[in-house]
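Dropping my_file04.cif in here (mmCIF, C-alpha atoms):
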data_run
#
loop_
_atom_site.label_atom_id
_atom_site.label_comp_id
_atom_site.auth_asym_id
_atom_site.auth_seq_id
_atom_site.Cartn_x
_atom_site.Cartn_y
_atom_site.Cartn_z
CA MET A 141 41.59 206.82 192.93
CA SER A 142 39.15 209.11 191.14
CA VAL A 143 37.93 208.30 187.63
CA PRO A 144 38.93 210.87 184.96
CA LEU A 145 36.19 213.11 183.62
CA LEU A 146 36.37 211.11 180.39
CA ARG A 147 38.10 207.78 180.11
CA PRO A 148 38.67 205.22 177.37
CA PHE A 149 36.83 201.90 177.35
CA PRO A 150 36.69 198.75 175.20
CA GLY A 151 33.70 199.51 173.02
CA LEU A 152 31.18 196.87 171.96
CA ARG A 153 30.79 197.56 168.24
CA PRO A 154 29.38 196.00 165.09
CA THR A 155 31.72 194.51 162.54
CA PRO A 156 32.32 196.82 159.55
CA GLU A 157 30.14 194.73 157.25
CA SER A 158 27.22 194.63 159.71
CA ALA A 159 27.38 198.27 160.89
CA PRO A 160 24.92 199.62 158.27
CA GLN A 161 22.38 196.98 159.27
CA VAL A 162 22.89 197.49 163.03
CA ALA A 163 22.72 201.30 163.18
CA ALA A 164 19.32 202.54 164.35
CA PRO A 165 17.62 205.78 165.41
CA PRO A 166 17.69 206.59 169.14
CA TYR A 167 15.22 204.57 171.20
CA ASP A 168 13.25 207.63 172.28
CA VAL A 169 12.40 209.09 168.87
CA LEU A 170 10.23 206.18 167.73
CA SER A 171 7.02 204.67 169.05
CA SER A 172 6.85 200.91 169.44
CA ASP A 173 4.76 200.64 166.28
CA GLU A 174 7.20 202.79 164.29
CA ALA A 175 10.14 200.74 165.56
CA ARG A 176 8.38 197.47 164.70
CA GLU A 177 7.75 198.67 161.16
CA MET A 178 11.29 200.00 160.72
CA ALA A 179 12.91 196.78 161.99
CA ALA A 180 10.69 194.44 159.94
CA GLY A 181 12.91 192.09 157.95
CA LYS A 182 16.04 193.54 159.60
CA PRO A 183 17.20 191.01 162.22
CA LEU A 184 20.45 192.92 162.90
CA SER A 185 18.79 196.27 163.62
CA PHE A 186 19.73 197.56 167.06
CA LEU A 187 16.05 198.36 167.57
CA HIS A 188 15.79 194.73 168.71
CA VAL A 189 17.88 195.83 171.72
CA SER A 190 16.72 199.41 172.23
CA LYS A 191 13.01 198.75 171.52
CA PRO A 192 12.78 195.01 172.34
CA GLU A 193 9.01 195.06 172.71
CA ILE A 194 8.93 194.81 168.91
CA ASP A 195 9.85 191.13 169.31
CA LEU A 196 7.00 190.46 171.73
CA PRO A 197 3.25 190.33 171.02
CA PRO A 198 1.73 193.69 170.00
CA GLY A 199 0.26 195.46 172.99
CA THR A 200 2.99 194.24 175.36
CA ASP A 201 3.66 196.82 178.05
CA ALA A 202 6.95 198.47 177.03
CA TYR A 203 7.94 198.60 180.71
CA SER A 204 7.25 194.97 181.57
CA THR A 205 9.98 192.69 182.89
CA SER A 206 9.76 190.58 179.74
CA VAL A 207 10.79 193.57 177.62
CA TYR A 208 14.04 194.15 179.50
CA ALA A 209 14.78 190.41 179.48
CA LYS A 210 14.26 190.41 175.71
CA ALA A 211 16.69 193.30 175.32
CA ALA A 212 19.37 191.34 177.17
CA GLU A 213 18.60 188.20 175.17
CA ASN A 214 18.86 190.06 171.86
CA LEU A 215 22.10 191.78 172.86
CA ARG A 216 23.67 188.47 173.91
CA ALA A 217 22.58 186.93 170.61
CA MET A 218 24.25 189.70 168.62
CA VAL A 219 27.47 189.21 170.59
CA GLY A 220 27.26 185.43 170.35
CA SER A 221 26.81 185.52 166.58
CA GLY A 222 29.77 187.85 166.11
CA VAL A 223 27.69 190.77 164.89
CA LEU A 224 28.93 192.83 167.86
CA VAL A 225 32.56 192.53 168.94
CA ARG A 226 34.30 194.07 171.94
CA ASP A 227 37.59 195.87 171.39
CA ALA A 228 40.59 194.21 172.99
CA ARG A 229 41.58 197.22 175.09
CA PRO A 230 40.24 200.60 176.18
CA CYS A 231 40.07 203.23 173.46
CA PHE A 232 38.51 206.55 172.72
CA TYR A 233 36.51 206.86 169.52
CA VAL A 234 35.95 209.76 167.16
CA TYR A 235 32.38 210.14 165.94
CA ARG A 236 31.45 212.41 163.04
CA ILE A 237 27.88 213.23 162.01
CA LYS A 238 27.06 214.95 158.74
CA MET A 239 23.60 216.30 158.00
CA GLY A 240 23.53 218.21 154.73
CA ASP A 241 26.23 220.86 155.02
CA HIS A 242 26.41 220.58 158.81
CA VAL A 243 29.27 218.52 160.26
CA GLN A 244 30.19 217.90 163.89
CA THR A 245 33.03 215.72 165.15
CA GLY A 246 33.38 214.57 168.75
CA ILE A 247 34.88 212.08 171.16
CA VAL A 248 33.20 208.91 172.45
CA GLY A 249 34.26 207.90 175.94
CA GLY A 250 33.13 206.96 179.39
CA GLY A 251 31.86 210.01 181.27
CA SER A 252 32.56 209.97 185.00
CA VAL A 253 29.58 209.29 187.25
CA ALA A 254 31.41 211.12 190.05
CA ALA A 255 31.75 214.16 187.79
CA TYR A 256 28.04 213.97 186.99
CA ASP A 257 27.17 213.71 190.69
CA ALA A 258 29.46 216.68 191.45
CA ASN A 259 27.86 218.74 188.63
CA ARG A 260 30.97 218.84 186.45
CA ILE A 261 28.83 217.10 183.84
CA ARG A 262 26.13 219.73 184.03
CA LYS A 263 22.38 219.44 183.54
CA HIS A 264 19.79 221.87 182.23
CA GLU A 265 16.59 219.78 182.49
CA PHE A 266 14.51 218.03 185.12
CA THR A 267 14.08 214.29 184.77
CA ARG A 268 11.01 212.13 185.25
CA PRO A 269 11.30 209.19 187.67
CA ASP A 270 9.43 206.80 185.35
CA LYS A 271 11.83 207.49 182.49
CA GLU A 272 14.82 207.13 184.81
CA ASP A 273 13.44 203.80 186.04
CA ASP A 274 13.12 202.58 182.45
CA ARG A 275 16.77 203.32 181.67
CA VAL A 276 17.96 201.81 184.97
CA ARG A 277 16.18 198.56 184.17
CA GLN A 278 17.54 198.56 180.61
CA ILE A 279 21.13 199.09 181.78
CA ASP A 280 20.85 196.46 184.51
CA ALA A 281 19.29 193.87 182.23
CA CYS A 282 21.84 194.35 179.43
CA ASP A 283 24.79 194.95 181.79
CA ALA A 284 25.70 197.67 179.32
CA GLN A 285 24.81 201.20 178.35
CA THR A 286 23.50 201.01 174.82
CA GLY A 287 22.30 204.59 174.34
CA PRO A 288 24.89 207.40 174.31
CA VAL A 289 24.46 210.69 176.16
CA LEU A 290 25.10 213.77 174.02
CA LEU A 291 27.51 216.22 175.66
CA ALA A 292 29.11 219.51 174.65
CA HIS A 293 32.54 220.84 175.61
CA ARG A 294 34.78 223.79 174.91
CA ASP A 295 37.40 222.48 172.55
CA THR A 296 41.15 222.66 173.17
CA PRO A 297 44.22 222.46 170.91
CA GLU A 298 45.09 219.04 172.37
CA ILE A 299 41.69 217.53 171.60
CA ASN A 300 41.63 219.15 168.17
CA ALA A 301 45.06 217.76 167.34
CA ALA A 302 44.09 214.22 168.38
CA VAL A 303 40.84 214.36 166.40
CA THR A 304 42.62 215.70 163.32
CA ALA A 305 45.23 212.94 163.50
CA VAL A 306 42.69 210.16 163.95
CA THR A 307 40.33 211.33 161.22
CA ALA A 308 43.22 211.50 158.75
CA GLY A 309 43.14 207.71 158.79
CA ALA A 310 40.55 205.24 157.59
CA PRO A 311 37.37 205.00 159.70
CA ALA A 312 36.18 201.81 161.33
CA TYR A 313 32.97 202.33 159.39
CA ALA A 314 30.80 204.95 157.76
CA VAL A 315 27.03 204.52 157.71
CA LYS A 316 24.44 206.55 155.83
CA ALA A 317 21.10 206.26 157.60
CA ALA A 318 17.72 206.15 155.90
CA ASP A 319 17.22 209.85 156.66
CA GLY A 320 20.42 210.71 154.78
CA ILE A 321 22.47 211.51 157.88
CA GLU A 322 26.02 210.13 157.73
CA HIS A 323 27.62 208.54 160.81
CA THR A 324 31.38 207.84 160.74
CA LEU A 325 33.42 206.25 163.54
CA TRP A 326 37.18 206.06 164.00
CA VAL A 327 39.08 204.21 166.74
CA MET A 328 41.59 206.22 168.82
CA ASP A 329 43.94 203.59 170.24
CA ASP A 330 47.22 205.51 170.29
CA GLU A 331 48.34 205.82 173.92
CA ALA A 332 49.81 209.30 173.50
CA GLN A 333 46.58 210.58 171.99
CA ILE A 334 44.50 208.90 174.69
CA LYS A 335 46.62 210.50 177.43
CA ALA A 336 46.42 213.93 175.80
CA VAL A 337 42.63 213.76 175.44
CA THR A 338 42.19 212.44 178.99
CA LYS A 339 44.36 215.21 180.42
CA SER A 340 42.60 217.88 178.40
CA PHE A 341 39.13 216.85 179.60
CA ASP A 342 40.38 216.55 183.19
CA ALA A 343 41.47 220.18 183.04
CA MET A 344 37.96 221.36 182.12
CA LYS A 345 35.79 222.95 184.76
CA ALA A 346 32.69 221.38 183.24
CA VAL A 347 31.07 219.76 180.22
CA TYR A 348 27.38 220.02 179.42
CA ILE A 349 24.56 217.56 178.78
CA ALA A 350 22.81 218.47 175.55
CA ASP A 351 20.56 215.42 175.31
CA GLY A 352 20.31 212.36 177.55
CA HIS A 353 19.43 213.59 181.02
CA HIS A 354 17.50 210.41 181.85
CA ARG A 355 20.33 208.15 180.66
CA SER A 356 22.81 210.15 182.76
CA ALA A 357 20.65 210.02 185.87
CA ALA A 358 20.06 206.29 185.36
CA ALA A 359 23.80 205.63 185.06
CA SER A 360 24.34 207.44 188.37
CA ARG A 361 21.65 205.32 190.05
CA VAL A 362 23.07 202.07 188.64
CA ALA A 363 26.55 203.02 189.89
CA MET A 364 25.23 203.84 193.36
CA VAL A 365 23.49 200.47 193.72
CA ARG A 366 26.43 198.49 192.38
CA ARG A 367 28.86 200.43 194.57
CA GLU A 368 26.82 199.54 197.65
CA ARG A 369 26.76 195.87 196.68
CA LYS A 370 30.51 195.61 196.10
CA CYS A 371 32.92 195.15 198.96
CA CYS A 372 36.08 197.28 198.80
CA ALA A 373 35.17 199.15 195.60
CA SER A 374 38.15 200.91 194.06
CA GLY A 375 36.22 203.68 192.32
CA GLU A 376 37.60 202.54 188.96
CA GLU A 377 34.90 199.98 188.21
CA ALA A 378 33.31 200.12 184.76
CA TYR A 379 29.98 201.23 186.23
CA GLU A 380 31.63 204.41 187.49
CA SER A 381 31.43 205.77 183.93
CA PHE A 382 28.70 205.98 181.30
CA LEU A 383 28.55 206.16 177.52
CA VAL A 384 28.90 209.71 176.19
CA VAL A 385 29.65 211.43 172.90
CA THR A 386 30.92 214.97 173.42
CA PHE A 387 31.17 217.58 170.67
CA PRO A 388 32.67 221.07 170.65
CA ILE A 389 30.07 223.62 171.69
CA HIS A 390 30.55 225.69 168.55
CA GLU A 391 29.74 222.69 166.32
CA MET A 392 26.44 221.85 167.99
CA LYS A 393 23.20 222.65 166.18
CA ILE A 394 19.99 223.48 168.04
CA PHE A 395 16.76 223.77 166.08
CA ASP A 396 13.81 225.91 167.09
CA TYR A 397 11.18 224.23 169.27
CA ASN A 398 7.86 225.79 168.37
CA ARG A 399 4.48 225.92 170.12
CA VAL A 400 0.88 225.37 168.99
CA VAL A 401 -2.22 226.02 171.10
CA THR A 402 -5.71 224.59 170.85
CA ASP A 403 -7.67 227.79 171.64
CA LEU A 404 -7.39 231.51 172.34
CA ASN A 405 -8.70 231.32 175.92
CA GLY A 406 -12.13 232.64 174.93
CA LEU A 407 -10.78 235.59 172.95
CA SER A 408 -11.69 236.39 169.36
CA PRO A 409 -8.70 236.60 166.98
CA GLU A 410 -9.07 240.39 166.97
CA ALA A 411 -9.17 240.62 170.77
CA PHE A 412 -6.23 238.23 171.03
CA LEU A 413 -4.10 240.36 168.73
CA GLN A 414 -5.05 243.46 170.67
CA ALA A 415 -4.12 241.76 173.96
CA LEU A 416 -0.64 241.05 172.61
CA GLU A 417 0.09 244.74 172.15
CA THR A 418 0.75 245.20 175.85
CA GLU A 419 4.07 243.32 175.55
CA PHE A 420 4.69 242.98 171.81
CA THR A 421 4.75 244.90 168.60
CA VAL A 422 2.49 243.07 166.13
CA GLU A 423 3.32 243.33 162.41
CA PRO A 424 1.37 241.47 159.70
CA VAL A 425 3.66 239.96 157.07
CA SER A 426 3.02 238.33 153.71
CA GLU A 427 5.53 235.48 154.16
CA GLN A 428 6.26 232.95 156.88
CA ALA A 429 7.41 234.90 159.93
CA ARG A 430 10.50 232.89 160.80
CA PRO A 431 12.29 234.80 163.58
CA ALA A 432 15.52 236.37 162.32
CA HIS A 433 17.07 236.71 165.77
CA ALA A 434 16.44 236.15 169.45
CA ARG A 435 13.58 238.10 171.09
CA GLN A 436 11.54 237.95 167.88
CA PHE A 437 8.61 235.58 167.40
CA GLY A 438 6.35 234.43 164.59
CA LEU A 439 2.58 234.01 165.05
CA TYR A 440 0.32 232.09 162.67
CA LEU A 441 -3.38 232.79 163.14
CA LYS A 442 -6.36 232.37 160.84
CA GLY A 443 -4.21 231.79 157.76
CA LYS A 444 -2.00 234.85 158.36
CA TRP A 445 1.51 235.36 159.72
CA TYR A 446 2.51 238.10 162.15
CA ARG A 447 5.93 239.13 163.42
CA LEU A 448 6.06 239.82 167.15
CA GLY A 449 8.77 241.92 168.79
CA LEU A 450 9.38 242.57 172.49
CA LYS A 451 8.47 246.02 173.71
CA ASN A 452 10.36 245.69 176.99
CA PRO A 453 13.89 244.30 177.39
CA PRO A 454 14.39 240.79 178.79
CA PRO A 455 15.60 240.29 182.38
CA ALA A 456 19.18 239.34 183.19
CA ASP A 457 18.38 235.94 184.70
CA PRO A 458 19.67 233.21 182.34
CA VAL A 459 16.39 231.28 182.42
CA ALA A 460 13.96 234.20 182.39
CA ARG A 461 15.69 235.78 179.37
CA LEU A 462 15.29 232.68 177.17
CA ASP A 463 12.85 233.16 174.30
CA VAL A 464 10.85 230.14 175.47
CA SER A 465 10.50 231.82 178.89
CA LEU A 466 9.63 235.21 177.45
CA LEU A 467 6.87 233.69 175.33
CA SER A 468 5.48 231.87 178.38
CA ASP A 469 5.81 234.75 180.82
CA ARG A 470 4.47 237.49 178.53
CA LEU A 471 1.98 235.68 176.32
CA LEU A 472 1.09 232.07 177.03
CA GLY A 473 0.48 232.66 180.74
CA PRO A 474 -1.10 236.13 180.98
CA VAL A 475 -3.06 236.03 177.71
CA LEU A 476 -3.86 232.35 177.14
CA GLY A 477 -3.81 231.07 180.73
CA ILE A 478 -1.27 228.35 179.94
CA THR A 479 1.08 228.21 182.93
CA ASP A 480 2.20 224.58 183.18
CA LEU A 481 3.86 223.47 179.96
CA ARG A 482 4.35 219.94 181.30
CA LYS A 483 0.72 219.19 182.04
CA ASP A 484 -1.52 221.61 180.12
CA LYS A 485 -3.24 219.74 177.27
CA ARG A 486 -3.98 222.99 175.45
CA ILE A 487 -0.40 223.30 174.19
CA ASP A 488 1.76 221.07 172.02
CA PHE A 489 5.31 221.35 170.70
CA VAL A 490 6.71 221.02 167.19
CA GLY A 491 10.40 220.40 166.52
CA GLY A 492 11.89 222.90 164.13
CA LYS A 493 13.13 220.21 161.77
CA ARG A 494 9.52 219.84 160.63
CA GLY A 495 9.52 223.41 159.32
CA LEU A 496 7.02 226.24 159.67
CA GLY A 497 4.77 224.51 157.16
CA GLU A 498 3.90 222.02 159.91
CA LEU A 499 2.68 224.92 162.06
CA GLU A 500 0.49 226.12 159.21
CA ARG A 501 -0.86 222.62 158.63
CA ARG A 502 -1.91 222.13 162.24
CA VAL A 503 -3.66 225.48 162.43
CA ASP A 504 -5.27 225.28 158.97
CA SER A 505 -6.65 221.82 159.79
CA GLY A 506 -8.59 223.27 162.72
CA GLU A 507 -6.67 221.08 165.19
CA MET A 508 -4.96 224.17 166.64
CA ALA A 509 -6.00 227.80 166.95
CA ALA A 510 -2.59 229.45 166.72
CA ALA A 511 1.10 228.65 166.34
CA PHE A 512 4.22 230.40 167.58
CA ALA A 513 7.60 230.19 165.84
CA LEU A 514 10.67 230.75 168.02
CA PHE A 515 14.31 231.49 167.35
CA PRO A 516 16.50 228.54 168.40
CA THR A 517 17.98 228.54 171.89
CA SER A 518 21.74 229.09 171.64
CA MET A 519 24.39 226.81 173.10
CA GLU A 520 25.71 229.75 175.11
CA ASP A 521 22.26 230.19 176.64
CA LEU A 522 22.25 226.49 177.55
CA VAL A 523 25.69 226.81 179.15
CA ALA A 524 24.64 229.90 181.10
CA VAL A 525 21.59 228.08 182.52
CA ALA A 526 23.63 225.00 183.44
CA ASP A 527 26.39 227.10 185.03
CA SER A 528 23.80 228.88 187.17
CA ASN A 529 22.49 225.48 188.41
CA GLN A 530 19.06 226.18 186.94
CA VAL A 531 16.90 224.27 184.48
CA MET A 532 15.28 225.30 181.24
CA PRO A 533 11.52 225.25 180.64
CA PRO A 534 10.22 222.08 178.97
CA LYS A 535 10.86 221.71 175.24
CA SER A 536 13.53 224.41 175.04
CA THR A 537 16.01 222.63 172.76
CA TRP A 538 15.78 220.29 169.80
CA PHE A 539 19.17 218.90 168.85
CA GLU A 540 19.88 217.62 165.37
CA PRO A 541 21.43 215.53 164.03
CA LYS A 542 20.70 212.67 166.43
CA LEU A 543 23.28 210.07 167.44
CA ALA A 544 22.68 206.56 166.16
CA ASP A 545 22.12 203.67 168.55
CA GLY A 546 24.14 200.50 168.07
CA LEU A 547 27.34 201.90 166.60
CA ILE A 548 29.01 201.63 169.99
CA SER A 549 27.89 200.40 173.42
CA TYR A 550 29.55 200.56 176.83
CA PRO A 551 29.81 197.18 178.63
CA LEU A 552 29.68 197.29 182.42
CA ASP A 553 31.74 194.14 182.97
CA TRP A 554 35.09 195.17 181.51
CA ARG A 555 36.72 195.95 184.88
#

Would you write the structure of this file as structure tokens?
Amino acid sequence: MSVPLLRPFPGLRPTPESAPQVAAPPYDVLSSDEAREMAAGKPLSFLHVSKPEIDLPPGTDAYSTSVYAKAAENLRAMVGSGVLVRDARPCFYVYRIKMGDHVQTGIVGGGSVAAYDANRIRKHEFTRPDKEDDRVRQIDACDAQTGPVLLAHRDTPEINAAVTAVTAGAPAYAVKAADGIEHTLWVMDDEAQIKAVTKSFDAMKAVYIADGHHRSAAASRVAMVRRERKCCASGEEAYESFLVVTFPIHEMKIFDYNRVVTDLNGLSPEAFLQALETEFTVEPVSEQARPAHARQFGLYLKGKWYRLGLKNPPPADPVARLDVSLLSDRLLGPVLGITDLRKDKRIDFVGGKRGLGELERRVDSGEMAAAFALFPTSMEDLVAVADSNQVMPPKSTWFEPKLADGLISYPLDWR
């Protein structure tokens, strides 16, 4: 029997009174030192599971066997002490995030590994083997998936109705994080609602990974190994799904992902600006040149802002027409000689949540020679790339708000 695209599971969750202390930022947005400082004096913080090196001597290799063993030890301790409790039966969960005026509400469930392998849970990024290996070892050690994958789906009346009904009731808990972002979780345990949501997702052609490509790939690898070890596998084992939170596409928020470069490839500022005129209109402006729409770029150079516009239309290919691709193909490569965004040390990336002032700061300090502000990639662009079985250039999307770690985990031993 095949596993549904999204299925309910008995979540491992903090008790309502401990949830504010358990909730933590995602494991991959903090360094070990930042996590150690944030978790100081907070024994219930989920960082003790997601960044367990903080409980080992400073300087410990974050990928050493002892780190994964510590993660498992800390998770078992939180379960043993009653801080984390497993639900009695499989459920879906409704997860709402509020950041300022922005609100998005989605479904937490177990995403099908088979659907991921068949590209119904679609990718738009390459993964790195070392990062995959890290997540595989974390999942195996903990026998659970403790970091959710962020998905996006096209909403349906059935899913909307179930979400509306569930959120009309009291939440299991509501947590306001240190950064002001509010995380609220409801339990969907009504069988009729669960069946309606399951059926609705099963009818979808595809859903889309927004963030969590390495976690998804790791879940697939863990399932493959466990499948091979198990005699007479039914296909319904817990490891055949992985922890996901999926939001309606129209509610997702992508920030700009901007670029800064260390030098002008031997050009003077005047020669650099002149070189841009082959592909761009160049307009000096008196304010920050935040792009107002796609195909428009901001340039910060020598204390001044310029607005850049394309002279020639973008191609039809869903990857080549992305603003991040256009900047690379028409400026970074031909003018600055930067052709490999993954490896070239002359370029760095600044998430849009930091604001354009961060671009100014890095150039004005002398650390960087120039900065480029981009218009955010759209969700429809992401979907188009994924549907064409292509991948985006590095650092194309910056999703906010981020999901919290610790509010719900997916145990691999429930079936």

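The spacing separating CA of Arg430 in chain A from CA of Ala513 in chain A amounts to 6.4 Å.
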
Q: Convert the output of the PyMOL selection byres ((chain A and resi 362) around 8) on the shown file into explicit residues, formatted as a ChimeraX atom specification.
A: /A:276,279-280,358-361,363-366,379

Take the residues from that selection and write them out as a compact mmCIF listing (two decimals), in the frame of the given file, keeping C-alpha atoms.
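So the final result, stored in part29.txt, reads:
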# COMPACT_ATOMS: atom_id res chain seq x y z
CA VAL A 276 17.96 201.81 184.97
CA ILE A 279 21.13 199.09 181.78
CA ASP A 280 20.85 196.46 184.51
CA ALA A 358 20.06 206.29 185.36
CA ALA A 359 23.80 205.63 185.06
CA SER A 360 24.34 207.44 188.37
CA ARG A 361 21.65 205.32 190.05
CA ALA A 363 26.55 203.02 189.89
CA MET A 364 25.23 203.84 193.36
CA VAL A 365 23.49 200.47 193.72
CA ARG A 366 26.43 198.49 192.38
CA TYR A 379 29.98 201.23 186.23

Translate the PyMOL selection byres ((chain A and resi 178-182) around 12) into a concrete residue list for this structure, as a short mmCIF file (atom, residue, chain, number, x, y, z; two decimals) with C-alpha atoms, in the coordinates of the input.
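So out22.cif came out as:
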data_model
loop_
_atom_site.label_atom_id
_atom_site.label_comp_id
_atom_site.auth_asym_id
_atom_site.auth_seq_id
_atom_site.Cartn_x
_atom_site.Cartn_y
_atom_site.Cartn_z
CA SER A 158 27.22 194.63 159.71
CA PRO A 160 24.92 199.62 158.27
CA GLN A 161 22.38 196.98 159.27
CA VAL A 162 22.89 197.49 163.03
CA ALA A 163 22.72 201.30 163.18
CA ALA A 164 19.32 202.54 164.35
CA PRO A 165 17.62 205.78 165.41
CA LEU A 170 10.23 206.18 167.73
CA SER A 171 7.02 204.67 169.05
CA SER A 172 6.85 200.91 169.44
CA ASP A 173 4.76 200.64 166.28
CA GLU A 174 7.20 202.79 164.29
CA ALA A 175 10.14 200.74 165.56
CA ARG A 176 8.38 197.47 164.70
CA GLU A 177 7.75 198.67 161.16
CA PRO A 183 17.20 191.01 162.22
CA LEU A 184 20.45 192.92 162.90
CA SER A 185 18.79 196.27 163.62
CA PHE A 186 19.73 197.56 167.06
CA LEU A 187 16.05 198.36 167.57
CA HIS A 188 15.79 194.73 168.71
CA VAL A 189 17.88 195.83 171.72
CA SER A 190 16.72 199.41 172.23
CA LYS A 191 13.01 198.75 171.52
CA PRO A 192 12.78 195.01 172.34
CA GLU A 193 9.01 195.06 172.71
CA ILE A 194 8.93 194.81 168.91
CA ASP A 195 9.85 191.13 169.31
CA ALA A 318 17.72 206.15 155.90
#

Q: List the residues selected by the PyMOL selection byres ((chain A and resi 234-237) around 7) in the file shown, writing them as a PyMOL selection string.
A: chain A and resi 232-233+238-239+243-248+303+322-328

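Using only C-alpha atoms for every distance, the candidate list A:Ala434, A:Val475, A:Ala211, A:Asp527 yields A:Asp527 as the residue closest to Arg260 in chain A.
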
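With distances taken over all atoms listed in the file, A:Lys535 is the one residue among A:Lys535, A:Arg216, A:Arg153, A:Arg268 lying closest to Gly491 in chain A.
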
Because some atoms of range 184-197 of chain A are absent here, can you restore N, CA, C and O atoms and send them as a short mmCIF file (atom, residue, chain, number, x, y, z; two decimals), in the frame of the given file?
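To be explicit, this is the file written out as out-v8.cif:
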data_model
loop_
_atom_site.label_atom_id
_atom_site.label_comp_id
_atom_site.auth_asym_id
_atom_site.auth_seq_id
_atom_site.Cartn_x
_atom_site.Cartn_y
_atom_site.Cartn_z
N LEU A 184 19.26 192.35 162.25
CA LEU A 184 20.45 192.92 162.90
C LEU A 184 20.22 194.33 163.43
O LEU A 184 21.10 194.90 164.08
N SER A 185 19.05 194.91 163.15
CA SER A 185 18.79 196.27 163.62
C SER A 185 18.90 196.35 165.14
O SER A 185 18.38 195.49 165.86
N PHE A 186 19.57 197.40 165.61
CA PHE A 186 19.73 197.56 167.06
C PHE A 186 18.41 197.89 167.74
O PHE A 186 18.33 197.90 168.97
N LEU A 187 17.37 198.15 166.97
CA LEU A 187 16.05 198.36 167.57
C LEU A 187 15.59 197.12 168.33
O LEU A 187 14.77 197.22 169.24
N HIS A 188 16.13 195.95 167.98
CA HIS A 188 15.79 194.73 168.71
C HIS A 188 16.35 194.75 170.13
O HIS A 188 15.90 193.99 170.99
N VAL A 189 17.33 195.64 170.37
CA VAL A 189 17.88 195.83 171.72
C VAL A 189 17.27 197.06 172.38
O VAL A 189 16.86 197.02 173.54
N SER A 190 17.19 198.15 171.64
CA SER A 190 16.72 199.41 172.23
C SER A 190 15.20 199.51 172.34
O SER A 190 14.67 200.23 173.18
N LYS A 191 14.48 198.78 171.47
CA LYS A 191 13.01 198.75 171.52
C LYS A 191 12.57 197.28 171.47
O LYS A 191 11.85 196.85 170.55
N PRO A 192 12.97 196.46 172.43
CA PRO A 192 12.78 195.01 172.34
C PRO A 192 11.33 194.56 172.37
O PRO A 192 11.03 193.40 172.03
N GLU A 193 10.42 195.43 172.73
CA GLU A 193 9.01 195.06 172.71
C GLU A 193 8.54 194.71 171.31
O GLU A 193 7.51 194.06 171.13
N ILE A 194 9.31 195.13 170.29
CA ILE A 194 8.93 194.81 168.91
C ILE A 194 9.01 193.31 168.63
O ILE A 194 8.43 192.83 167.65
N ASP A 195 9.73 192.58 169.48
CA ASP A 195 9.85 191.13 169.31
C ASP A 195 8.90 190.36 170.23
O ASP A 195 9.01 189.13 170.34
N LEU A 196 8.00 191.07 170.86
CA LEU A 196 7.00 190.46 171.73
C LEU A 196 5.62 190.76 171.15
O LEU A 196 5.49 191.61 170.25
N PRO A 197 4.58 190.11 171.60
CA PRO A 197 3.25 190.33 171.02
C PRO A 197 2.84 191.80 171.07
O PRO A 197 3.11 192.50 172.05
#
